[in-house]
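Structure file query-v7.pdb; described as PDB, C-alpha atoms and all ligand atoms.
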ATOM      1  CA  MET A   1      84.850 118.884  88.473
ATOM      2  CA  ASN A   2      83.943 117.283  85.177
ATOM      3  CA  VAL A   3      83.105 113.576  85.323
ATOM      4  CA  ALA A   4      83.478 112.025  81.866
ATOM      5  CA  GLU A   5      81.910 108.589  81.673
ATOM      6  CA  SER A   6      82.475 108.115  77.954
ATOM      7  CA  LEU A   7      85.370 108.616  75.571
ATOM      8  CA  GLU A   8      83.330 111.228  73.672
ATOM      9  CA  ALA A   9      82.681 113.211  76.866
ATOM     10  CA  PHE A  10      86.364 113.079  77.802
ATOM     11  CA  VAL A  11      87.576 114.091  74.334
ATOM     12  CA  THR A  12      85.117 116.993  74.294
ATOM     13  CA  TRP A  13      86.429 118.195  77.673
ATOM     14  CA  ARG A  14      90.053 117.667  76.575
ATOM     15  CA  GLU A  15      89.542 119.841  73.489
ATOM     16  CA  THR A  16      88.425 122.761  75.632
ATOM     17  CA  VAL A  17      91.451 122.875  77.930
ATOM     18  CA  GLY A  18      94.878 124.341  77.363
ATOM     19  CA  GLY A  19      97.987 124.534  79.554
ATOM     20  CA  ARG A  20      99.946 121.665  80.995
ATOM     21  CA  LEU A  21      97.941 118.546  81.758
ATOM     22  CA  GLY A  22      98.774 116.104  84.565
ATOM     23  CA  LEU A  23      97.367 112.567  84.478
ATOM     24  CA  VAL A  24      96.898 110.289  87.484
ATOM     25  CA  PRO A  25      95.727 106.844  86.341
ATOM     26  CA  THR A  26      94.038 104.795  89.099
ATOM     27  CA  MET A  27      91.735 101.861  89.629
ATOM     28  CA  GLY A  28      89.786 103.781  92.274
ATOM     29  CA  ALA A  29      89.497 102.756  95.958
ATOM     30  CA  LEU A  30      91.553 105.866  96.529
ATOM     31  CA  HIS A  31      93.813 106.381  99.535
ATOM     32  CA  ASP A  32      96.383 108.969 100.561
ATOM     33  CA  GLY A  33      98.921 107.381  98.218
ATOM     34  CA  HIS A  34      96.742 108.251  95.225
ATOM     35  CA  LEU A  35      95.956 111.673  96.646
ATOM     36  CA  SER A  36      99.668 112.420  96.989
ATOM     37  CA  LEU A  37      99.980 111.818  93.215
ATOM     38  CA  VAL A  38      97.028 114.129  92.580
ATOM     39  CA  ARG A  39      98.526 116.842  94.807
ATOM     40  CA  ARG A  40     101.859 116.615  93.032
ATOM     41  CA  ALA A  41     100.127 116.846  89.656
ATOM     42  CA  ARG A  42      98.161 119.835  90.985
ATOM     43  CA  ARG A  43     101.408 121.590  91.966
ATOM     44  CA  GLU A  44     103.240 120.838  88.716
ATOM     45  CA  THR A  45     100.577 121.195  86.023
ATOM     46  CA  ASP A  46      97.670 123.482  85.129
ATOM     47  CA  ARG A  47      94.934 120.838  84.833
ATOM     48  CA  VAL A  48      94.638 117.475  86.532
ATOM     49  CA  VAL A  49      92.856 114.432  85.132
ATOM     50  CA  THR A  50      92.349 111.298  87.212
ATOM     51  CA  THR A  51      91.185 108.126  85.556
ATOM     52  CA  ILE A  52      89.265 105.468  87.461
ATOM     53  CA  PHE A  53      89.108 102.161  85.643
ATOM     54  CA  VAL A  54      89.398  98.729  87.230
ATOM     55  CA  ASN A  55      91.270  97.182  84.349
ATOM     56  CA  PRO A  56      90.107  93.556  83.932
ATOM     57  CA  THR A  57      93.041  92.555  81.720
ATOM     58  CA  GLN A  58      95.616  92.975  84.479
ATOM     59  CA  PHE A  59      93.858  90.571  86.858
ATOM     60  CA  GLY A  60      94.665  86.877  86.852
ATOM     61  CA  SER A  61      91.342  85.480  87.969
ATOM     62  CA  SER A  62      87.829  86.842  87.892
ATOM     63  CA  ASP A  63      87.707  86.346  91.697
ATOM     64  CA  ASP A  64      90.574  88.771  92.170
ATOM     65  CA  LEU A  65      88.809  91.237  89.909
ATOM     66  CA  LYS A  66      85.465  90.845  91.720
ATOM     67  CA  ALA A  67      87.155  91.315  95.104
ATOM     68  CA  TYR A  68      88.806  94.583  94.059
ATOM     69  CA  PRO A  69      87.321  97.332  96.287
ATOM     70  CA  ARG A  70      85.076  99.839  94.520
ATOM     71  CA  ASP A  71      83.436 103.008  95.849
ATOM     72  CA  LEU A  72      83.012 105.536  93.072
ATOM     73  CA  ASP A  73      80.995 108.080  95.094
ATOM     74  CA  ARG A  74      83.641 108.221  97.800
ATOM     75  CA  ASP A  75      86.427 108.459  95.182
ATOM     76  CA  LEU A  76      84.689 111.331  93.397
ATOM     77  CA  ALA A  77      84.154 113.201  96.691
ATOM     78  CA  LEU A  78      87.870 112.859  97.516
ATOM     79  CA  LEU A  79      88.903 114.066  94.049
ATOM     80  CA  ARG A  80      86.504 117.004  94.239
ATOM     81  CA  GLU A  81      88.186 118.066  97.494
ATOM     82  CA  GLU A  82      91.552 117.919  95.714
ATOM     83  CA  ARG A  83      90.162 120.221  92.981
ATOM     84  CA  VAL A  84      90.762 117.703  90.210
ATOM     85  CA  ASP A  85      89.564 119.158  86.907
ATOM     86  CA  CYS A  86      88.272 116.012  85.263
ATOM     87  CA  VAL A  87      87.697 112.382  86.244
ATOM     88  CA  PHE A  88      87.523 109.904  83.379
ATOM     89  CA  THR A  89      85.571 106.755  84.306
ATOM     90  CA  PRO A  90      85.360 104.674  81.141
ATOM     91  CA  GLY A  91      83.396 101.432  81.053
ATOM     92  CA  GLU A  92      84.860  98.057  80.146
ATOM     93  CA  ALA A  93      83.092  97.874  76.759
ATOM     94  CA  MET A  94      84.557 101.222  75.787
ATOM     95  CA  MET A  95      88.111 100.259  76.719
ATOM     96  CA  TYR A  96      87.871  96.711  75.359
ATOM     97  CA  PRO A  97      85.213  96.426  72.652
ATOM     98  CA  GLY A  98      84.464  92.933  71.328
ATOM     99  CA  ASP A  99      86.921  93.198  68.424
ATOM    100  CA  PHE A 100      89.809  94.453  70.597
ATOM    101  CA  SER A 101      93.004  92.749  69.318
ATOM    102  CA  THR A 102      96.092  94.841  70.113
ATOM    103  CA  TRP A 103      98.293  94.283  73.161
ATOM    104  CA  VAL A 104     101.418  95.935  74.497
ATOM    105  CA  VAL A 105     104.103  93.539  75.733
ATOM    106  CA  VAL A 106     107.175  94.947  77.435
ATOM    107  CA  GLU A 107     109.869  92.290  77.279
ATOM    108  CA  ARG A 108     112.663  91.453  79.756
ATOM    109  CA  LEU A 109     111.575  93.827  82.542
ATOM    110  CA  THR A 110     108.472  91.675  82.983
ATOM    111  CA  ASP A 111     110.297  88.325  82.981
ATOM    112  CA  ARG A 112     110.664  88.171  86.761
ATOM    113  CA  TRP A 113     108.917  88.933  90.070
ATOM    114  CA  GLU A 114     105.343  90.153  89.487
ATOM    115  CA  GLY A 115     105.687  88.948  85.902
ATOM    116  CA  VAL A 116     106.129  85.356  87.103
ATOM    117  CA  SER A 117     103.630  85.443  89.962
ATOM    118  CA  ARG A 118     100.961  87.175  87.884
ATOM    119  CA  PRO A 119     101.249  85.939  84.291
ATOM    120  CA  GLY A 120      99.708  88.399  81.829
ATOM    121  CA  HIS A 121      99.489  91.148  84.458
ATOM    122  CA  PHE A 122     101.938  93.516  82.807
ATOM    123  CA  ARG A 123     100.462  92.947  79.360
ATOM    124  CA  GLY A 124      97.196  94.252  80.788
ATOM    125  CA  VAL A 125      98.878  97.141  82.618
ATOM    126  CA  ALA A 126     101.012  98.221  79.638
ATOM    127  CA  THR A 127      98.052  98.055  77.261
ATOM    128  CA  VAL A 128      95.682 100.075  79.424
ATOM    129  CA  VAL A 129      98.355 102.618  80.371
ATOM    130  CA  LEU A 130      99.228 103.231  76.721
ATOM    131  CA  LYS A 131      95.528 103.628  75.911
ATOM    132  CA  LEU A 132      95.072 106.125  78.755
ATOM    133  CA  LEU A 133      98.198 108.065  77.748
ATOM    134  CA  ASN A 134      96.976 108.228  74.145
ATOM    135  CA  ILE A 135      93.505 109.326  75.180
ATOM    136  CA  ALA A 136      94.620 111.936  77.735
ATOM    137  CA  ARG A 137      97.554 113.395  75.778
ATOM    138  CA  ALA A 138      98.970 114.592  79.105
ATOM    139  CA  ASP A 139     102.256 116.401  79.596
ATOM    140  CA  ARG A 140     103.014 114.404  82.721
ATOM    141  CA  ALA A 141     101.690 111.192  84.218
ATOM    142  CA  TYR A 142     102.201 110.292  87.874
ATOM    143  CA  PHE A 143     102.951 106.773  89.141
ATOM    144  CA  GLY A 144     103.745 105.532  92.645
ATOM    145  CA  GLU A 145     107.040 103.848  93.472
ATOM    146  CA  LYS A 146     105.224 101.241  95.562
ATOM    147  CA  ASP A 147     104.485  99.425  92.287
ATOM    148  CA  TYR A 148     108.161  99.589  91.420
ATOM    149  CA  GLN A 149     108.183  97.059  88.596
ATOM    150  CA  GLN A 150     105.075  98.657  87.071
ATOM    151  CA  LEU A 151     106.799 102.042  87.151
ATOM    152  CA  ARG A 152     109.834 100.659  85.309
ATOM    153  CA  VAL A 153     107.573  98.939  82.754
ATOM    154  CA  VAL A 154     105.658 102.166  82.094
ATOM    155  CA  GLU A 155     108.890 104.169  81.736
ATOM    156  CA  ARG A 156     110.171 101.578  79.256
ATOM    157  CA  LEU A 157     107.057 101.580  77.104
ATOM    158  CA  VAL A 158     106.936 105.380  76.995
ATOM    159  CA  GLN A 159     110.558 105.481  75.886
ATOM    160  CA  ASP A 160     110.288 102.602  73.394
ATOM    161  CA  LEU A 161     107.059 103.786  71.786
ATOM    162  CA  ASN A 162     107.904 107.520  71.748
ATOM    163  CA  VAL A 163     104.994 108.544  73.911
ATOM    164  CA  PRO A 164     105.314 112.309  74.482
ATOM    165  CA  THR A 165     104.343 112.183  78.179
ATOM    166  CA  GLU A 166     106.836 112.539  81.003
ATOM    167  CA  ILE A 167     106.484 109.792  83.614
ATOM    168  CA  VAL A 168     106.882 111.170  87.136
ATOM    169  CA  PRO A 169     107.788 108.610  89.837
ATOM    170  CA  CYS A 170     106.343 109.481  93.257
ATOM    171  CA  PRO A 171     107.471 108.145  96.659
ATOM    172  CA  THR A 172     105.492 105.435  98.440
ATOM    173  CA  VAL A 173     103.115 106.830 101.042
ATOM    174  CA  ARG A 174     103.041 104.871 104.319
ATOM    175  CA  GLU A 175     100.771 104.647 107.311
ATOM    176  CA  SER A 176     102.365 106.048 110.493
ATOM    177  CA  ASP A 177     103.521 102.521 111.437
ATOM    178  CA  GLY A 178     105.225 101.946 108.068
ATOM    179  CA  LEU A 179     102.653  99.876 106.145
ATOM    180  CA  ALA A 180     102.642 101.001 102.509
ATOM    181  CA  MET A 181      99.242 102.353 101.498
ATOM    182  CA  SER A 182      97.390 100.026  99.155
ATOM    183  CA  SER A 183      93.785  99.586  98.097
ATOM    184  CA  ARG A 184      94.156  95.952  99.194
ATOM    185  CA  ASN A 185      94.824  96.899 102.844
ATOM    186  CA  VAL A 186      91.053  97.169 103.463
ATOM    187  CA  HIS A 187      90.871  93.362 103.111
ATOM    188  CA  LEU A 188      93.277  92.776 106.036
ATOM    189  CA  SER A 189      91.707  91.488 109.267
ATOM    190  CA  PRO A 190      92.949  93.281 112.426
ATOM    191  CA  ASP A 191      95.413  90.430 113.097
ATOM    192  CA  ASP A 192      96.615  90.420 109.491
ATOM    193  CA  ARG A 193      96.935  94.207 109.562
ATOM    194  CA  ARG A 194      99.376  93.825 112.490
ATOM    195  CA  ALA A 195     101.186  90.972 110.723
ATOM    196  CA  ALA A 196     101.491  93.028 107.512
ATOM    197  CA  LEU A 197     104.004  95.280 109.264
ATOM    198  CA  VAL A 198     106.518  92.524 108.640
ATOM    199  CA  LEU A 199     107.043  93.854 105.094
ATOM    200  CA  PHE A 200     108.282  97.216 106.350
ATOM    201  CA  ARG A 201     110.245  95.561 109.165
ATOM    202  CA  ALA A 202     112.010  93.221 106.734
ATOM    203  CA  LEU A 203     112.776  95.955 104.196
ATOM    204  CA  SER A 204     114.024  98.289 106.936
ATOM    205  CA  ALA A 205     116.321  95.509 108.196
ATOM    206  CA  ALA A 206     117.821  95.198 104.698
ATOM    207  CA  ARG A 207     118.222  98.962 104.377
ATOM    208  CA  ASP A 208     119.918  99.180 107.796
ATOM    209  CA  ALA A 209     122.203  96.221 107.055
ATOM    210  CA  CYS A 210     123.194  97.816 103.758
ATOM    211  CA  HIS A 211     123.926 101.118 105.528
ATOM    212  CA  ALA A 212     126.046  99.171 107.990
ATOM    213  CA  GLY A 213     128.121  97.784 105.113
ATOM    214  CA  GLU A 214     126.459  94.523 104.030
ATOM    215  CA  ARG A 215     126.676  94.571 100.223
ATOM    216  CA  ASN A 216     126.070  90.917  99.440
ATOM    217  CA  GLY A 217     122.762  90.627  97.553
ATOM    218  CA  GLU A 218     122.126  87.080  98.698
ATOM    219  CA  ALA A 219     122.788  87.904 102.364
ATOM    220  CA  LEU A 220     120.457  90.903 102.201
ATOM    221  CA  GLY A 221     117.755  88.796 100.534
ATOM    222  CA  ARG A 222     118.178  86.102 103.203
ATOM    223  CA  LEU A 223     117.813  88.671 105.971
ATOM    224  CA  VAL A 224     114.525  89.854 104.440
ATOM    225  CA  ALA A 225     113.220  86.306 103.884
ATOM    226  CA  GLU A 226     114.136  85.274 107.454
ATOM    227  CA  THR A 227     112.431  88.314 108.944
ATOM    228  CA  ILE A 228     109.267  87.527 106.964
ATOM    229  CA  GLY A 229     109.591  83.849 107.932
ATOM    230  CA  ARG A 230     109.366  84.755 111.633
ATOM    231  CA  GLU A 231     105.835  86.160 111.154
ATOM    232  CA  PRO A 232     103.493  83.144 111.301
ATOM    233  CA  ARG A 233     100.647  84.876 109.412
ATOM    234  CA  ALA A 234     102.907  85.844 106.484
ATOM    235  CA  ARG A 235     104.288  83.828 103.570
ATOM    236  CA  ALA A 236     106.788  85.355 101.155
ATOM    237  CA  ASP A 237     105.943  84.925  97.473
ATOM    238  CA  TYR A 238     109.300  86.357  96.416
ATOM    239  CA  VAL A 239     112.155  88.389  97.842
ATOM    240  CA  ALA A 240     114.450  90.037  95.310
ATOM    241  CA  VAL A 241     117.561  92.148  95.524
ATOM    242  CA  ALA A 242     117.793  93.528  92.034
ATOM    243  CA  ASP A 243     119.279  96.165  89.805
ATOM    244  CA  PRO A 244     116.993  99.225  90.138
ATOM    245  CA  ARG A 245     116.853  99.741  86.347
ATOM    246  CA  THR A 246     116.892  96.254  84.798
ATOM    247  CA  LEU A 247     115.341  94.422  87.778
ATOM    248  CA  GLU A 248     117.830  91.576  87.254
ATOM    249  CA  PRO A 249     119.078  90.031  90.529
ATOM    250  CA  VAL A 250     122.381  91.437  91.815
ATOM    251  CA  THR A 251     124.992  89.492  93.739
ATOM    252  CA  ARG A 252     126.496  92.720  95.101
ATOM    253  CA  VAL A 253     125.011  96.132  95.822
ATOM    254  CA  GLY A 254     127.402  98.335  93.883
ATOM    255  CA  ARG A 255     127.615 102.043  93.147
ATOM    256  CA  GLY A 256     124.285 102.024  91.320
ATOM    257  CA  GLY A 257     122.516 100.688  94.412
ATOM    258  CA  ALA A 258     119.802  98.054  94.306
ATOM    259  CA  VAL A 259     116.119  97.677  94.953
ATOM    260  CA  CYS A 260     114.769  95.100  97.354
ATOM    261  CA  LEU A 261     111.337  93.950  96.175
ATOM    262  CA  VAL A 262     108.976  91.743  98.159
ATOM    263  CA  ALA A 263     105.581  90.168  97.590
ATOM    264  CA  VAL A 264     104.043  88.607 100.687
ATOM    265  CA  TRP A 265     100.792  86.815 101.379
ATOM    266  CA  VAL A 266      99.295  87.954 104.660
ATOM    267  CA  GLY A 267      96.267  85.759 105.198
ATOM    268  CA  SER A 268      94.468  85.883 101.856
ATOM    269  CA  VAL A 269      95.860  89.297 100.864
ATOM    270  CA  ARG A 270      98.921  89.644  98.657
ATOM    271  CA  LEU A 271     100.965  92.763  99.396
ATOM    272  CA  ILE A 272     104.004  94.197  97.622
ATOM    273  CA  ASP A 273     106.556  96.714  98.833
ATOM    274  CA  ASN A 274     110.140  97.723  98.138
ATOM    275  CA  VAL A 275     113.063  99.767  99.360
ATOM    276  CA  LEU A 276     116.081 101.212  97.603
ATOM    277  CA  LEU A 277     119.428 100.007  98.922
ATOM    278  CA  GLY A 278     122.697 101.895  98.611
ATOM    279  CA  SER A 279     122.628 104.915  96.347
ATOM    280  CA  PRO A 280     120.904 104.075  93.054
ATOM    281  CA  GLY A 281     121.972 106.166  90.079
TER     282      GLY A 281
HETATM  283  O1  LIG A 301      98.563 101.070  89.563
HETATM  284  C1  LIG A 301      97.384 100.986  89.195
HETATM  285  O2  LIG A 301      96.444 101.399  89.884
HETATM  286  C2  LIG A 301      97.081 100.333  87.843
HETATM  287  O3  LIG A 301      97.956  99.296  87.568
HETATM  288  C3  LIG A 301      97.030 101.345  86.687
HETATM  289  C4  LIG A 301      98.379 102.003  86.476
HETATM  290  C5  LIG A 301      95.987 102.418  86.971
HETATM  291  C6  LIG A 301      96.651 100.626  85.393
HETATM  292  O4  LIG A 301      95.421 100.008  85.491
END
As structure tokens:
Amino acid sequence: MNVAESLEAFVTWRETVGGRLGLVPTMGALHDGHLSLVRRARRETDRVVTTIFVNPTQFGSSDDLKAYPRDLDRDLALLREERVDCVFTPGEAMMYPGDFSTWVVVERLTDRWEGVSRPGHFRGVATVVLKLLNIARADRAYFGEKDYQQLRVVERLVQDLNVPTEIVPCPTVRESDGLAMSSRNVHLSPDDRRAALVLFRALSAARDACHAGERNGEALGRLVAETIGREPRARADYVAVADPRTLEPVTRVGRGGAVCLVAVWVGSVRLIDNVLLGSPG
């Protein structure tokens, strides 16, 4: 496995390889969710590149950024086991040199939900993702559906800016008890880890109610918020029942289905999760 720590090293490696290239962008602290993206890329492409870069521009405060878990040796060992061809680990000065001045802003899709709770977050995500797509020149890039709004934002920017990489959405990977895998889960205390199950419980309640015929967006949102409200260690940041494409709130779950998105504070950890309702087109 090639580990490219500089742009020059990556470009040199990239020039030597042919065939279809799969890209899995990450911020490290890898878990089975990331590895499922790598395995899918492995199955569908000839060469797999994983990037590990904790992107400072998508964090709101330097505390958040400092607290982000990092363990490069462990990450590299996991990627070696998955037979990844190249890991690109650029430094901050390489990605954002002192005279860096160009930002990617995806409008509308970022107006709500994570966009409100984390101002500037998607500007940082969209900018770094476009940089990584330009650098890697991959045929396909793999993104998890757990970060649903991020996935939609990346799809939009690729379409709007004619980026010749296919974005492949991949299902959320869950622990056996339903908790969505996230690098942030390591910060949960044992009590908070138990309390965090409320996200899956609340989303499952909405999915079941929708299956049983409840199509009112507000009622479904209320059911989710009430379920979260019954867990004393949890505090909902937002609960949304939205159009799966535009992410605008829906009053009714129609033929196109809906997505229920939640962000919840459990202790000092902020977790997000989502479920599709109805049959999205
Ligand atoms: O989902 C993530 O880990 C990050 O937002 C990404 C896509 C790697 C960009 O920094």
Would you write out, as JSON lines, a table of all residues in chain A that have an atom no more than 8 Å from an atom of ligand LIG 301 (chain A), listing for each the closest atom pair and the distance in Å to one decimal, considering only C-alpha atoms and all ligand atoms and ordering rows by chain and rising residue number?
{"residue": "A:Val24", "atom": "CA", "partner": "A:LIG301", "partner_atom": "C5", "distance": 7.9}
{"residue": "A:Pro25", "atom": "CA", "partner": "A:LIG301", "partner_atom": "C5", "distance": 4.5}
{"residue": "A:Thr26", "atom": "CA", "partner": "A:LIG301", "partner_atom": "C5", "distance": 3.7}
{"residue": "A:Met27", "atom": "CA", "partner": "A:LIG301", "partner_atom": "O2", "distance": 4.7}
{"residue": "A:Gly28", "atom": "CA", "partner": "A:LIG301", "partner_atom": "O2", "distance": 7.5}
{"residue": "A:Thr51", "atom": "CA", "partner": "A:LIG301", "partner_atom": "C5", "distance": 7.6}
{"residue": "A:Ile52", "atom": "CA", "partner": "A:LIG301", "partner_atom": "C5", "distance": 7.4}
{"residue": "A:Phe53", "atom": "CA", "partner": "A:LIG301", "partner_atom": "O4", "distance": 6.7}
{"residue": "A:Val54", "atom": "CA", "partner": "A:LIG301", "partner_atom": "O4", "distance": 6.4}
{"residue": "A:Asn55", "atom": "CA", "partner": "A:LIG301", "partner_atom": "O4", "distance": 5.1}
{"residue": "A:Gln58", "atom": "CA", "partner": "A:LIG301", "partner_atom": "O4", "distance": 7.1}
{"residue": "A:Gly124", "atom": "CA", "partner": "A:LIG301", "partner_atom": "O4", "distance": 7.6}
{"residue": "A:Val125", "atom": "CA", "partner": "A:LIG301", "partner_atom": "C6", "distance": 5.0}
{"residue": "A:Ala126", "atom": "CA", "partner": "A:LIG301", "partner_atom": "C6", "distance": 7.6}
{"residue": "A:Val128", "atom": "CA", "partner": "A:LIG301", "partner_atom": "C6", "distance": 6.1}
{"residue": "A:Val129", "atom": "CA", "partner": "A:LIG301", "partner_atom": "C6", "distance": 5.7}
{"residue": "A:Phe143", "atom": "CA", "partner": "A:LIG301", "partner_atom": "C4", "distance": 7.1}
{"residue": "A:Gly144", "atom": "CA", "partner": "A:LIG301", "partner_atom": "O1", "distance": 7.5}
{"residue": "A:Asp147", "atom": "CA", "partner": "A:LIG301", "partner_atom": "O1", "distance": 6.7}
{"residue": "A:Gln150", "atom": "CA", "partner": "A:LIG301", "partner_atom": "O3", "distance": 7.2}
Proximity to Asp273 of chain A - best of A:Ser101, A:Ser176, A:Asn162, A:Gln149, only C-alpha atoms: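 When distances to Asp273 of chain A are compared using only C-alpha atoms, the smallest one comes from A:Gln149.
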Segment 90-107 of chain A: axis-aligned bounding box, 3 Å on each side, centre and edge lengths in Å, one decimal, as JSON:
{"center_x": 96.5, "center_y": 98.5, "center_z": 74.8, "size_x": 32.8, "size_y": 18.4, "size_z": 18.7}
Pick out the closest residue to Asp85 of chain A from this set: A:Leu151, A:Val3, A:Leu161, A:Val262. Count all atoms listed in the file.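 Nearest candidate to Asp85 of chain A out of A:Leu151, A:Val3, A:Leu161, A:Val262: A:Val3.
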For Gly217 of chain A, please output as an mmCIF file with C-alpha atoms, in the frame of the given file all residues within 7 Å (counting only C-alpha atoms; exclusion window: fewer than 4 positions along the same chain).
data_model
loop_
_atom_site.group_PDB
_atom_site.id
_atom_site.type_symbol
_atom_site.label_atom_id
_atom_site.label_comp_id
_atom_site.auth_asym_id
_atom_site.auth_seq_id
_atom_site.Cartn_x
_atom_site.Cartn_y
_atom_site.Cartn_z
ATOM 1 C CA GLY A 221 117.755 88.796 100.534
ATOM 2 C CA VAL A 241 117.561 92.148 95.524
ATOM 3 C CA VAL A 250 122.381 91.437 91.815
ATOM 4 C CA THR A 251 124.992 89.492 93.739
ATOM 5 C CA ARG A 252 126.496 92.720 95.101
ATOM 6 C CA VAL A 253 125.011 96.132 95.822
#
Using only C-alpha atoms, find the one residue out of A:Asn2, A:Lys131, A:Ala93, A:Lys146 that sits nearest to Thr16 of chain A.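 Closest candidate: A:Asn2.
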So how far away is atom CA of Asp237 of chain A from atom CA of His211 of chain A, in Å? 25.5 Å
